[in-house]
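Student: What follows is my_file.txt, made up of compact mmCIF, C-alpha atoms:
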```
# COMPACT_ATOMS: atom_id res chain seq x y z
CA MET A 1 -0.44 -21.62 -15.49
CA LEU A 2 -3.28 -23.61 -14.00
CA ASN A 3 -5.88 -21.36 -12.41
CA LYS A 4 -7.62 -23.33 -9.68
CA SER A 5 -9.59 -20.38 -8.27
CA LYS A 6 -12.74 -21.49 -10.10
CA ASN A 7 -12.60 -25.08 -8.87
CA THR A 8 -15.81 -25.62 -6.89
CA LYS A 9 -15.17 -29.33 -6.16
CA ASN A 10 -18.94 -29.82 -6.33
CA LYS A 11 -19.57 -27.95 -3.07
CA THR A 12 -22.81 -26.01 -2.74
CA ALA A 13 -24.26 -23.75 -0.04
CA TYR A 14 -27.98 -23.54 0.59
CA LEU A 15 -29.94 -20.47 1.62
CA ILE A 16 -33.53 -20.69 2.84
CA LEU A 17 -35.67 -17.56 2.42
CA ASP A 18 -39.43 -17.55 3.04
CA GLY A 19 -39.50 -21.33 2.76
CA THR A 20 -37.66 -21.43 -0.58
CA THR A 21 -34.23 -23.04 -0.79
CA TYR A 22 -31.64 -21.50 -3.07
CA GLU A 23 -28.42 -23.16 -4.17
CA LEU A 24 -25.28 -21.02 -4.04
CA PRO A 25 -22.06 -22.27 -5.66
CA VAL A 26 -18.92 -22.50 -3.52
CA ILE A 27 -15.64 -21.23 -4.96
CA ILE A 28 -12.43 -22.75 -3.57
CA GLY A 29 -9.15 -20.91 -4.06
CA SER A 30 -5.72 -22.41 -4.62
CA GLU A 31 -4.93 -22.06 -0.89
CA ASN A 32 -8.21 -23.77 0.06
CA GLU A 33 -10.04 -20.54 0.80
CA HIS A 34 -13.82 -20.95 0.53
CA ALA A 35 -16.27 -18.37 -0.78
CA ILE A 36 -20.00 -18.51 -1.38
CA ASP A 37 -20.83 -17.13 -4.82
CA ILE A 38 -23.75 -14.69 -4.39
CA SER A 39 -23.39 -12.99 -7.76
CA LYS A 40 -26.95 -14.06 -8.72
CA LEU A 41 -28.50 -13.59 -5.26
CA ARG A 42 -30.42 -10.39 -5.95
CA ARG A 43 -31.62 -11.56 -9.35
CA GLU A 44 -32.98 -14.81 -7.95
CA THR A 45 -34.20 -13.75 -4.49
CA GLY A 46 -34.54 -9.97 -4.42
CA TYR A 47 -32.15 -9.89 -1.45
CA ILE A 48 -28.67 -8.40 -1.12
CA THR A 49 -26.04 -8.97 1.57
CA PHE A 50 -25.14 -6.34 4.18
CA ASP A 51 -21.43 -6.15 5.01
CA PRO A 52 -20.13 -2.73 6.17
CA GLY A 53 -16.47 -2.33 5.26
CA TYR A 54 -16.64 -5.44 3.02
CA GLY A 55 -14.86 -7.47 5.71
CA ASN A 56 -16.59 -10.67 4.62
CA THR A 57 -17.00 -9.93 0.92
CA GLY A 58 -14.71 -11.13 -1.87
CA SER A 59 -14.82 -8.59 -4.69
CA CYS A 60 -12.63 -10.55 -7.10
CA THR A 61 -10.41 -13.53 -7.69
CA SER A 62 -6.71 -12.72 -7.81
CA ALA A 63 -3.44 -14.57 -8.40
CA ILE A 64 -1.16 -11.84 -7.01
CA THR A 65 -0.92 -11.95 -3.21
CA PHE A 66 -1.97 -14.46 -0.58
CA VAL A 67 -2.46 -13.47 3.06
CA ASP A 68 -3.31 -15.91 5.85
CA GLY A 69 -3.81 -13.64 8.82
CA GLU A 70 -4.51 -16.45 11.26
CA ASN A 71 -1.10 -18.02 10.69
CA GLY A 72 0.95 -14.93 9.82
CA ILE A 73 1.57 -15.89 6.19
CA LEU A 74 2.22 -13.45 3.33
CA ARG A 75 3.23 -14.57 -0.16
CA TYR A 76 3.71 -12.59 -3.37
CA ARG A 77 2.85 -14.80 -6.38
CA GLY A 78 3.55 -17.82 -4.15
CA TYR A 79 6.95 -16.58 -2.93
CA PRO A 80 7.12 -16.34 0.91
CA ILE A 81 7.76 -12.79 2.09
CA GLU A 82 10.54 -14.05 4.40
CA GLU A 83 12.52 -15.41 1.44
CA LEU A 84 11.98 -12.28 -0.64
CA ALA A 85 13.06 -10.10 2.30
CA ALA A 86 16.20 -12.19 2.86
CA HIS A 87 17.33 -12.61 -0.76
CA GLY A 88 15.37 -10.30 -3.04
CA THR A 89 15.39 -6.63 -4.02
CA PHE A 90 12.54 -4.23 -4.46
CA ILE A 91 12.95 -3.99 -8.23
CA GLU A 92 12.94 -7.73 -8.94
CA THR A 93 10.01 -8.08 -6.54
CA ALA A 94 8.19 -5.31 -8.39
CA TYR A 95 8.80 -7.10 -11.69
CA MET A 96 7.56 -10.38 -10.24
CA LEU A 97 4.37 -8.84 -8.82
CA ILE A 98 3.54 -7.18 -12.12
CA PHE A 99 4.51 -9.94 -14.54
CA GLY A 100 4.05 -13.10 -12.48
CA ASN A 101 7.56 -14.54 -12.06
CA LEU A 102 10.97 -13.46 -10.81
CA PRO A 103 12.89 -11.96 -13.75
CA THR A 104 15.67 -13.73 -15.60
CA ASN A 105 18.99 -11.88 -15.97
CA ASP A 106 17.90 -10.55 -19.36
CA GLN A 107 14.50 -9.46 -18.10
CA ARG A 108 16.08 -7.80 -15.08
CA ARG A 109 18.53 -5.87 -17.27
CA GLU A 110 15.75 -4.79 -19.62
CA PHE A 111 13.57 -3.62 -16.73
CA HIS A 112 16.49 -1.76 -15.16
CA TYR A 113 17.18 -0.06 -18.50
CA LEU A 114 13.52 0.99 -18.80
CA LEU A 115 13.53 2.43 -15.28
CA CYS A 116 16.67 4.46 -16.05
CA ASP A 117 15.22 5.59 -19.36
CA GLN A 118 11.97 6.77 -17.78
CA GLU A 119 13.20 8.51 -14.62
CA LEU A 120 13.14 12.07 -16.00
CA LEU A 121 9.95 14.15 -15.93
CA HIS A 122 8.77 16.32 -18.80
CA GLU A 123 10.10 19.80 -18.03
CA ASP A 124 6.59 21.27 -18.26
CA LEU A 125 5.68 19.26 -15.18
CA ARG A 126 7.88 21.60 -13.15
CA ASN A 127 5.02 24.07 -13.44
CA HIS A 128 2.86 21.76 -11.33
CA PHE A 129 5.31 22.08 -8.48
CA GLU A 130 5.65 25.84 -8.91
CA GLY A 131 1.88 26.24 -8.61
CA VAL A 132 1.68 24.44 -5.25
CA PRO A 133 2.14 26.35 -1.97
CA SER A 134 5.28 25.49 -0.04
CA ASN A 135 3.20 23.91 2.73
CA GLY A 136 1.22 21.74 0.29
CA HIS A 137 1.05 18.12 1.40
CA PRO A 138 3.32 15.88 -0.70
CA MET A 139 0.56 13.27 -1.10
CA ALA A 140 -1.62 15.86 -2.85
CA ILE A 141 1.26 16.69 -5.18
CA LEU A 142 2.05 13.03 -5.82
CA SER A 143 -1.54 12.19 -6.74
CA ALA A 144 -1.96 15.24 -8.97
CA VAL A 145 1.30 14.80 -10.88
CA ILE A 146 0.86 11.04 -11.36
CA ASN A 147 -2.59 11.75 -12.81
CA SER A 148 -1.09 14.46 -15.04
CA LEU A 149 1.40 12.00 -16.53
CA GLY A 150 -1.42 10.75 -18.74
CA CYS A 151 -1.48 14.13 -20.47
CA TYR A 152 2.17 13.72 -21.43
CA HIS A 153 1.82 10.11 -22.54
CA PRO A 154 -1.54 9.97 -24.37
CA ASP A 155 -0.36 6.90 -26.29
CA LEU A 156 -0.62 4.94 -23.03
CA LEU A 157 -4.11 6.00 -21.99
CA GLN A 158 -5.54 2.96 -23.78
CA ILE A 159 -3.20 0.04 -23.16
CA GLU A 160 -3.76 -2.78 -25.62
CA THR A 161 -0.43 -4.64 -25.83
CA GLU A 162 2.06 -6.13 -23.38
CA ASP A 163 4.73 -3.71 -24.64
CA GLU A 164 2.50 -0.71 -23.90
CA PHE A 165 1.78 -2.04 -20.43
CA LEU A 166 5.49 -2.62 -19.76
CA ARG A 167 6.31 0.95 -20.77
CA ALA A 168 3.49 2.42 -18.68
CA ALA A 169 4.47 0.38 -15.62
CA ALA A 170 8.13 1.41 -15.96
CA LYS A 171 7.18 5.07 -16.35
CA ILE A 172 5.15 5.13 -13.16
CA ILE A 173 7.53 3.09 -11.01
CA SER A 174 10.50 5.17 -12.15
CA LYS A 175 8.94 8.64 -12.21
CA VAL A 176 7.18 8.27 -8.85
CA ARG A 177 10.59 8.63 -7.14
CA THR A 178 11.32 11.87 -8.95
CA ILE A 179 7.86 13.26 -8.21
CA ALA A 180 8.11 12.31 -4.54
CA ALA A 181 11.60 13.77 -4.11
CA TRP A 182 10.66 16.99 -5.89
CA SER A 183 7.55 17.42 -3.74
CA TYR A 184 9.83 17.25 -0.69
CA ARG A 185 12.36 19.68 -2.20
CA LYS A 186 9.54 22.09 -3.00
CA SER A 187 8.36 22.08 0.62
CA LYS A 188 11.90 22.91 1.81
CA GLY A 189 12.64 25.56 -0.81
CA LEU A 190 15.50 23.47 -2.17
CA PRO A 191 16.55 23.18 -5.82
CA PHE A 192 15.32 20.09 -7.65
CA MET A 193 17.94 17.37 -8.05
CA TYR A 194 17.75 15.37 -11.27
CA PRO A 195 18.01 11.57 -11.17
CA ASP A 196 21.36 9.95 -11.89
CA PRO A 197 21.05 6.90 -14.19
CA LYS A 198 24.27 5.43 -12.76
CA LEU A 199 22.63 4.90 -9.36
CA SER A 200 20.40 2.06 -8.20
CA TYR A 201 16.69 2.64 -7.67
CA CYS A 202 16.81 3.36 -3.94
CA ARG A 203 20.20 5.12 -3.92
CA ASN A 204 18.93 7.38 -6.70
CA PHE A 205 15.85 8.33 -4.69
CA LEU A 206 17.95 9.25 -1.64
CA HIS A 207 20.21 11.29 -3.92
CA MET A 208 17.24 13.29 -5.24
CA MET A 209 15.93 13.76 -1.70
CA HIS A 210 19.09 14.87 0.08
CA SER A 211 21.84 15.94 -2.34
CA ILE A 212 22.46 19.61 -3.00
CA PRO A 213 24.29 21.05 -6.04
CA ASN A 214 27.61 21.42 -4.22
CA ARG A 215 27.40 18.35 -1.98
CA ARG A 216 26.29 14.88 -3.00
CA TYR A 217 24.48 12.75 -0.43
CA GLU A 218 26.13 9.35 0.03
CA PRO A 219 23.97 6.85 1.94
CA THR A 220 25.50 3.72 3.42
CA ASP A 221 24.84 0.33 1.85
CA ALA A 222 22.79 -0.59 4.92
CA GLN A 223 20.59 2.48 4.45
CA VAL A 224 19.99 1.61 0.80
CA LYS A 225 19.24 -2.00 1.74
CA ALA A 226 16.82 -0.90 4.47
CA LEU A 227 14.95 1.38 2.05
CA SER A 228 14.74 -1.41 -0.55
CA LEU A 229 13.37 -3.72 2.12
CA PHE A 230 10.86 -1.08 3.24
CA PHE A 231 9.56 -0.79 -0.32
CA LEU A 232 9.58 -4.58 -0.84
CA LEU A 233 7.56 -5.27 2.31
CA HIS A 234 4.97 -2.66 1.32
CA ALA A 235 4.74 -3.70 -2.34
CA ASP A 236 1.33 -5.39 -2.04
CA HIS A 237 -1.07 -6.59 0.61
CA GLU A 238 -4.09 -8.07 -1.12
CA GLN A 239 -7.44 -6.22 -1.23
CA ASN A 240 -6.77 -3.36 1.16
CA CYS A 241 -8.55 -0.02 0.78
CA SER A 242 -6.14 1.59 -1.70
CA CYS A 243 -5.77 -1.56 -3.80
CA SER A 244 -9.54 -1.99 -3.93
CA THR A 245 -9.82 1.66 -4.94
CA VAL A 246 -7.45 1.11 -7.87
CA ARG A 247 -9.46 -1.92 -8.99
CA MET A 248 -12.77 -0.09 -8.60
CA VAL A 249 -11.58 2.91 -10.63
CA GLN A 250 -10.15 0.61 -13.32
CA SER A 251 -13.52 -1.14 -13.58
CA THR A 252 -14.82 2.04 -15.23
CA ASP A 253 -12.13 1.52 -17.93
CA ALA A 254 -10.09 4.35 -16.43
CA ASN A 255 -6.45 4.55 -17.51
CA LEU A 256 -3.55 3.34 -15.37
CA PHE A 257 -2.40 6.83 -14.36
CA ALA A 258 -5.85 7.88 -13.12
CA SER A 259 -6.42 4.58 -11.29
CA VAL A 260 -3.09 4.73 -9.46
CA SER A 261 -3.70 8.38 -8.60
CA ALA A 262 -6.97 7.36 -6.93
CA GLY A 263 -5.08 4.71 -4.96
CA ILE A 264 -2.72 7.39 -3.65
CA CYS A 265 -5.69 9.42 -2.40
CA ALA A 266 -7.07 6.37 -0.58
CA LEU A 267 -3.69 5.64 0.97
CA TRP A 268 -3.45 9.22 2.24
CA GLY A 269 -6.03 8.52 4.95
CA ARG A 270 -4.52 8.37 8.43
CA LEU A 271 -6.19 4.99 9.08
CA HIS A 272 -4.40 3.48 6.08
CA GLY A 273 -1.08 5.06 5.10
CA GLY A 274 -0.61 7.16 8.21
CA ALA A 275 -0.17 4.43 10.79
CA ASN A 276 3.64 4.63 11.02
CA ALA A 277 3.45 8.39 11.61
CA ALA A 278 1.11 7.70 14.52
CA VAL A 279 3.70 5.28 15.96
CA ILE A 280 6.36 7.98 15.87
CA LYS A 281 4.01 10.41 17.62
CA MET A 282 3.35 7.84 20.35
CA LEU A 283 7.07 7.15 20.88
CA GLU A 284 7.82 10.88 20.99
CA GLU A 285 5.20 11.39 23.68
CA ILE A 286 6.89 8.73 25.80
CA ARG A 287 10.33 10.20 25.10
CA ASP A 288 9.17 13.69 26.06
CA GLY A 289 7.87 12.48 29.41
CA GLU A 290 4.16 12.83 28.71
CA ALA A 291 3.74 9.23 29.90
CA THR A 292 5.89 6.30 30.97
CA ILE A 293 5.69 3.03 29.05
CA ASN A 294 3.74 1.40 31.88
CA ASP A 295 1.37 4.36 32.11
CA TYR A 296 0.80 4.22 28.38
CA LEU A 297 0.01 0.51 28.42
CA GLU A 298 -2.37 0.95 31.35
CA ARG A 299 -4.23 3.69 29.46
CA VAL A 300 -4.48 1.33 26.49
CA LYS A 301 -5.97 -1.38 28.70
CA ARG A 302 -8.52 1.14 30.01
CA LYS A 303 -9.36 1.80 26.33
CA GLU A 304 -8.52 5.49 26.70
CA ILE A 305 -6.00 5.37 23.83
CA ARG A 306 -4.83 2.94 21.16
CA LEU A 307 -1.48 1.19 21.10
CA MET A 308 -0.21 2.27 17.70
CA GLY A 309 1.77 -0.20 15.61
CA PHE A 310 0.41 -3.28 17.39
CA GLY A 311 -2.07 -5.76 15.99
CA HIS A 312 -3.53 -5.79 12.50
CA ARG A 313 -6.98 -6.08 11.00
CA ILE A 314 -5.85 -9.05 8.91
CA TYR A 315 -3.09 -10.64 11.01
CA LYS A 316 -4.53 -12.30 14.09
CA ASN A 317 -1.12 -13.60 15.09
CA PHE A 318 2.16 -11.89 14.09
CA ASP A 319 2.89 -9.69 11.10
CA PRO A 320 5.53 -11.57 9.04
CA ARG A 321 6.90 -8.26 7.73
CA ALA A 322 7.71 -6.89 11.19
CA GLU A 323 10.60 -9.22 12.08
CA ALA A 324 12.50 -8.50 8.85
CA LEU A 325 12.05 -4.76 9.27
CA CYS A 326 13.10 -4.88 12.92
CA LYS A 327 16.45 -6.49 12.00
CA ALA A 328 16.99 -4.03 9.14
CA THR A 329 16.36 -1.14 11.52
CA HIS A 330 19.11 -2.32 13.90
CA ASP A 331 21.56 -3.01 11.04
CA MET A 332 21.00 0.41 9.48
CA LEU A 333 21.37 2.37 12.72
CA GLU A 334 24.52 0.41 13.55
CA SER A 335 26.04 1.14 10.13
CA THR A 336 25.55 4.88 10.50
CA GLY A 337 26.31 5.17 14.20
CA HIS A 338 22.95 6.89 14.48
CA ASP A 339 21.57 6.61 18.01
CA ASP A 340 17.81 7.03 17.91
CA PRO A 341 16.31 7.00 21.41
CA LEU A 342 12.95 6.20 19.86
CA LEU A 343 14.27 2.77 18.87
CA ASP A 344 15.22 2.05 22.48
CA ILE A 345 11.75 3.13 23.60
CA ALA A 346 10.17 1.00 20.86
CA MET A 347 12.11 -2.09 21.93
CA GLU A 348 11.22 -1.54 25.59
CA LEU A 349 7.57 -0.97 24.70
CA ALA A 350 7.42 -4.13 22.57
CA GLU A 351 9.03 -6.19 25.36
CA ALA A 352 6.64 -4.78 27.98
CA ALA A 353 3.65 -5.62 25.78
CA ARG A 354 4.96 -9.16 25.18
CA ASP A 355 5.20 -9.67 28.95
CA ASP A 356 1.63 -8.51 29.55
CA ASP A 357 -1.14 -11.11 29.29
CA TYR A 358 -3.61 -8.42 28.20
CA PHE A 359 -1.77 -7.98 24.90
CA THR A 360 -0.63 -11.56 24.32
CA LYS A 361 -4.12 -12.97 24.87
CA ARG A 362 -5.42 -10.52 22.27
CA LYS A 363 -2.48 -11.35 19.97
CA LEU A 364 -1.40 -7.72 19.80
CA TYR A 365 2.13 -7.99 18.42
CA PRO A 366 4.21 -5.31 16.66
CA ASN A 367 3.28 -4.89 13.00
CA VAL A 368 5.23 -3.48 10.07
CA ASP A 369 4.25 0.11 10.94
CA PHE A 370 5.90 -0.18 14.35
CA TYR A 371 9.39 -0.27 12.82
CA SER A 372 8.96 1.44 9.45
CA GLY A 373 8.71 4.93 10.93
CA ILE A 374 12.06 4.52 12.70
CA ILE A 375 13.70 3.46 9.44
CA LEU A 376 12.29 6.48 7.65
CA ARG A 377 13.41 8.82 10.45
CA ALA A 378 16.95 7.45 10.20
CA LEU A 379 16.85 8.15 6.45
CA ASN A 380 15.92 11.79 7.21
CA ILE A 381 12.46 11.37 5.76
CA PRO A 382 10.02 13.84 7.39
CA VAL A 383 6.79 12.54 8.84
CA ASP A 384 4.54 14.13 6.20
CA MET A 385 6.49 12.11 3.60
CA PHE A 386 5.77 8.77 5.32
CA PRO A 387 2.62 8.01 3.29
CA VAL A 388 4.48 9.03 0.12
CA MET A 389 7.12 6.41 0.89
CA PHE A 390 4.34 3.88 1.41
CA ALA A 391 2.90 4.84 -1.99
CA ILE A 392 6.25 4.36 -3.75
CA GLY A 393 6.50 0.87 -2.32
CA ARG A 394 2.88 -0.02 -3.06
CA MET A 395 3.07 1.11 -6.71
CA PRO A 396 3.96 -2.35 -8.16
CA GLY A 397 1.01 -3.97 -6.38
CA TRP A 398 -1.43 -1.35 -7.63
CA ILE A 399 -0.12 -1.72 -11.18
CA ALA A 400 -0.38 -5.52 -10.96
CA HIS A 401 -3.97 -5.37 -9.72
CA TRP A 402 -4.91 -2.80 -12.38
CA ASN A 403 -3.56 -5.10 -15.08
CA GLU A 404 -5.22 -8.19 -13.63
CA THR A 405 -8.56 -6.40 -13.64
CA ASN A 406 -7.92 -4.95 -17.09
CA THR A 407 -7.17 -8.32 -18.67
CA ASP A 408 -9.32 -10.86 -16.81
CA GLY A 409 -12.27 -10.47 -19.20
CA ILE A 410 -14.85 -10.84 -16.39
CA THR A 411 -14.63 -7.61 -14.41
CA ARG A 412 -17.80 -5.52 -14.45
CA ILE A 413 -18.01 -1.90 -13.39
CA HIS A 414 -18.13 -1.90 -9.61
CA ARG A 415 -21.51 -0.87 -8.26
CA PRO A 416 -22.11 -1.79 -4.59
CA ARG A 417 -25.70 -1.95 -3.37
CA GLN A 418 -27.13 -0.30 -0.29
CA VAL A 419 -29.90 -0.72 2.26
CA TYR A 420 -31.86 2.53 2.06
CA THR A 421 -32.88 3.96 5.46
CA GLY A 422 -34.13 7.43 4.50
CA GLU A 423 -37.61 8.92 4.12
CA THR A 424 -40.23 7.02 2.17
CA SER A 425 -42.19 8.68 -0.64
CA ARG A 426 -43.63 12.12 0.31
CA PRO A 427 -45.09 15.01 -1.67
CA TYR A 428 -43.26 18.19 -2.66
CA VAL A 429 -44.28 21.15 -0.44
CA PRO A 430 -44.33 24.64 -2.04
CA LEU A 431 -42.01 27.17 -0.38
CA ASP A 432 -44.80 29.37 1.06
CA LEU A 433 -46.37 26.36 2.82
CA ARG A 434 -43.22 25.02 4.49
CA LYS A 435 -42.91 25.42 8.25
```
Please lay out the structure from this file as structure tokens.

Tutor:
Amino acid sequence: MLNKSKNTKNKTAYLILDGTTYELPVIIGSENEHAIDISKLRRETGYITFDPGYGNTGSCTSAITFVDGENGILRYRGYPIEELAAHGTFIETAYMLIFGNLPTNDQRREFHYLLCDQELLHEDLRNHFEGVPSNGHPMAILSAVINSLGCYHPDLLQIETEDEFLRAAAKIISKVRTIAAWSYRKSKGLPFMYPDPKLSYCRNFLHMMHSIPNRRYEPTDAQVKALSLFFLLHADHEQNCSCSTVRMVQSTDANLFASVSAGICALWGRLHGGANAAVIKMLEEIRDGEATINDYLERVKRKEIRLMGFGHRIYKNFDPRAEALCKATHDMLESTGHDDPLLDIAMELAEAARDDDYFTKRKLYPNVDFYSGIILRALNIPVDMFPVMFAIGRMPGWIAHWNETNTDGITRIHRPRQVYTGETSRPYVPLDLRK
């Protein structure tokens, strides 16, 4: 496949420092994105760039996901997210993200077989769950157990072949469901439910979450479809904090299990993986009469509070994932006859914001988090499990980025620079002379 990310098309940027002009190459991506290559800046000038949060810094080239926030575009490996949401499944999307193309029938069957084959955990891993207090956060358990998988599969700590990578990817994507469901069961004092190889990926997860030994949980097709869509829409999102964490940890030559575990820890932060839980909290406050919708919006305009689930750091227009998830939410609730008053409040809130120039001028539209929490509530997923669900969906993207970094042949160990602002050189003062 032609890689056009290195095509500079003879463009050059010029930087003038202290009367000296320096030439900086321009890199043009396959979607006509432009970047100034400053990889030799410090060596040639003694200067570094200053960019808190890396909002203007490209840390890599990547062929996995393209996001155009100005125009509301998201594509996985070139496939528009709208088409994947309408026609695809989470598992074939996961395969495509990791291996580059949508699977053939044979590849899909092989991947499905691997996922079924790898869904069980080593029985000794049960001890990890037994050693965690019942109120332990499921994200802590998920990160710890994923990291521990490397101890049980030492043959995959150094991946050198495509077959080894395929097996490692299948292990993580399959076992993460079991780990997540068992962390929930542990918190509720419920017996662990083993995976059933006859069930599909998402139906199997819901079985492990909600079945009990004498009563099997039977989700509707719409619930299973909504969960698959939730995972699909969260499968990757370019160089966000958790993805960048996975790539940074891999740059040390860390194994796949450790790198993904670090990504889970990054996702745990309430500013990253906790946004949909914050939406639910906001809707509950309105439901419980703590504020009317109009009062809430007025407080937002006075900058007293934030409107959770609206706007996005990347998307300056609409979030292309939100519309698909909104429709799935309605379809799922209709299929189960479940009447969630929070959905009615959410719809009324979204309409009120759309009718208010304050929000439309600032392009504050509902994002994927605005609807995802309602879907998870309807699936009986507790709020502290929301970031875990995000992590299950994001696993294929993390694995794809780990492999891209592991095989590109150009990645160096990540080592950001800093601008030091502390004390300058000063002498050591003996203890008896300090005041």

Student: Taking (8.8, 10.6, -17.8) in the coordinates of the supplied file, I want to know which residues reach to within 9 Å of it, counting all atoms listed in the file; could you give the answer as a PDB file with C-alpha atoms, in the frame of the given file?

Tutor:
```pdb
ATOM      1  CA  ASP A 117      15.220   5.590 -19.360  1.00  0.00           C
ATOM      2  CA  GLN A 118      11.970   6.770 -17.780  1.00  0.00           C
ATOM      3  CA  GLU A 119      13.200   8.510 -14.620  1.00  0.00           C
ATOM      4  CA  LEU A 120      13.140  12.070 -16.000  1.00  0.00           C
ATOM      5  CA  LEU A 121       9.950  14.150 -15.930  1.00  0.00           C
ATOM      6  CA  HIS A 122       8.770  16.320 -18.800  1.00  0.00           C
ATOM      7  CA  LEU A 149       1.400  12.000 -16.530  1.00  0.00           C
ATOM      8  CA  TYR A 152       2.170  13.720 -21.430  1.00  0.00           C
ATOM      9  CA  HIS A 153       1.820  10.110 -22.540  1.00  0.00           C
ATOM     10  CA  LYS A 171       7.180   5.070 -16.350  1.00  0.00           C
ATOM     11  CA  ILE A 172       5.150   5.130 -13.160  1.00  0.00           C
ATOM     12  CA  SER A 174      10.500   5.170 -12.150  1.00  0.00           C
ATOM     13  CA  LYS A 175       8.940   8.640 -12.210  1.00  0.00           C
TER      14      LYS A 175
END
```

Student: Of the candidates A:Leu166, A:His34, A:Leu232, A:His401, which shows the shortest atom-to-atom distance to Gln107 (chain A), using only C-alpha atoms?

Tutor: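 Going through A:Leu166, A:His34, A:Leu232, A:His401 one by one, the smallest distance to Gln107 (chain A) is for A:Leu166.
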
Student: If you take every atom of region 331-335 of chain A that the file lists and fit an axis-aligned box around them with 4 Å extra on each side, what centre and edge lengths come out in Å to one decimal, as AutoDock Vina command-line options?

Tutor:
```
--center_x 23.5 --center_y -0.3 --center_z 11.5 --size_x 13.0 --size_y 13.4 --size_z 12.1
```

Student: Measuring atom to atom with only C-alpha atoms, identify which of A:Glu23, A:Glu238, A:Glu31, A:Glu290 is nearest to Asn10 (chain A).

Tutor: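 Nearest candidate to Asn10 (chain A) out of A:Glu23, A:Glu238, A:Glu31, A:Glu290: A:Glu23.
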
Student: Check the smallest atom-to-atom distance from each of A:Val429, A:Ile91, A:Met208, A:Leu229 to Ala324 (chain A) using all atoms listed in the file, then report the winner.

Tutor: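 Of A:Val429, A:Ile91, A:Met208, A:Leu229, the one nearest Ala324 (chain A) is A:Leu229, counting all atoms listed in the file.
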
Student: What is the distance, in Å and to one decimal place, between CA of Tyr14 (chain A) and CA of Lys40 (chain A)?

Tutor: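 Spanning CA of Tyr14 (chain A) to CA of Lys40 (chain A) is a straight-line distance of 13.3 Å.
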
Student: Mind pulling up the distance from CA of Arg394 (chain A) to CA of Ala235 (chain A)?

Tutor: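 Taking CA of Ala235 (chain A) and CA of Arg394 (chain A), their separation equals 4.2 Å.
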
Student: Mind checking which residues fall within 8 Å of region 348-360 of chain A, counting all atoms listed in the file, ignoring those fewer than 4 positions away in the same chain, and posting them as a count of residues only?

Tutor: 8

Student: Between CA of Gln250 (chain A) and CA of Ile38 (chain A), what is the distance, to one decimal in Å?

Tutor: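 Result for CA of Gln250 (chain A) versus CA of Ile38 (chain A): 22.3 Å, one decimal.
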
Student: I'd like to know which of A:Arg126, A:His237, A:Arg287, A:Arg415 is closest to Val368 (chain A), using only C-alpha atoms.

Tutor: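 Under the stated criterion, the closest residue is A:His237.
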
Student: Report as a tab-separated table the residues of region 315-413 of chain A within 12 Å of region 73-79 of chain A, each with its shortest atom pair and distance in Å (one decimal), using only C-alpha atoms, ordered by chain and increasing residue number.

Tutor:
```
residue	atom	partner	partner_atom	distance
A:Tyr315	CA	A:Ile73	CA	8.5
A:Lys316	CA	A:Ile73	CA	10.6
A:Asn317	CA	A:Ile73	CA	9.6
A:Phe318	CA	A:Ile73	CA	8.9
A:Asp319	CA	A:Ile73	CA	8.0
A:Pro320	CA	A:Ile73	CA	6.5
A:Arg321	CA	A:Leu74	CA	8.3
A:Ala322	CA	A:Leu74	CA	11.6
A:Pro396	CA	A:Tyr76	CA	11.3
A:Gly397	CA	A:Tyr76	CA	9.5
A:Ala400	CA	A:Arg77	CA	10.8
```

Student: Near Lys198 (chain A), within 10 Å and counting all atoms listed in the file, which residues show up once chain neighbours fewer than 4 positions away are dropped, as a PyMOL selection string?

Tutor: chain A and resi 116+203-204

Student: Which residue, A:Thr21, A:Ser335, A:Asn255, A:Ser187, has the smallest gap to Asp155 (chain A) when you use all atoms listed in the file?

Tutor: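 Residue with the minimum atom-to-atom distance to Asp155 (chain A): A:Asn255.
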
Student: Hey, what's within 10 Å of Leu333 (chain A) if we count all atoms listed in the file and toss same-chain stuff fewer than 6 positions away? As JSON, numbers by chain, please?

Tutor: {"A": [222, 223, 226, 339, 340, 343, 374, 375, 378, 379]}

Student: Of the candidates A:Arg185, A:His312, A:Arg108, A:Arg377, which one gets nearest to Arg362 (chain A) if we count only C-alpha atoms?

Tutor: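 Smallest separation from Arg362 (chain A) among the options: A:His312.
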
Student: Applying 8 Å and all atoms listed in the file, which residues near Val260 (chain A) remain after dropping the ones on its own chain fewer than 4 positions away? List them as a VMD selection string.

Tutor: chain A and resid 146 to 147 246 256 264 395 398 to 399

Student: May I have the residues from that selection written out with C-alpha atoms, as a CSV table (one decimal), in the coordinates of the input?

Tutor:
```csv
chain,number,residue,atom,x,y,z
A,146,ILE,CA,0.9,11.0,-11.4
A,147,ASN,CA,-2.6,11.8,-12.8
A,246,VAL,CA,-7.4,1.1,-7.9
A,256,LEU,CA,-3.6,3.3,-15.4
A,264,ILE,CA,-2.7,7.4,-3.6
A,395,MET,CA,3.1,1.1,-6.7
A,398,TRP,CA,-1.4,-1.4,-7.6
A,399,ILE,CA,-0.1,-1.7,-11.2
```
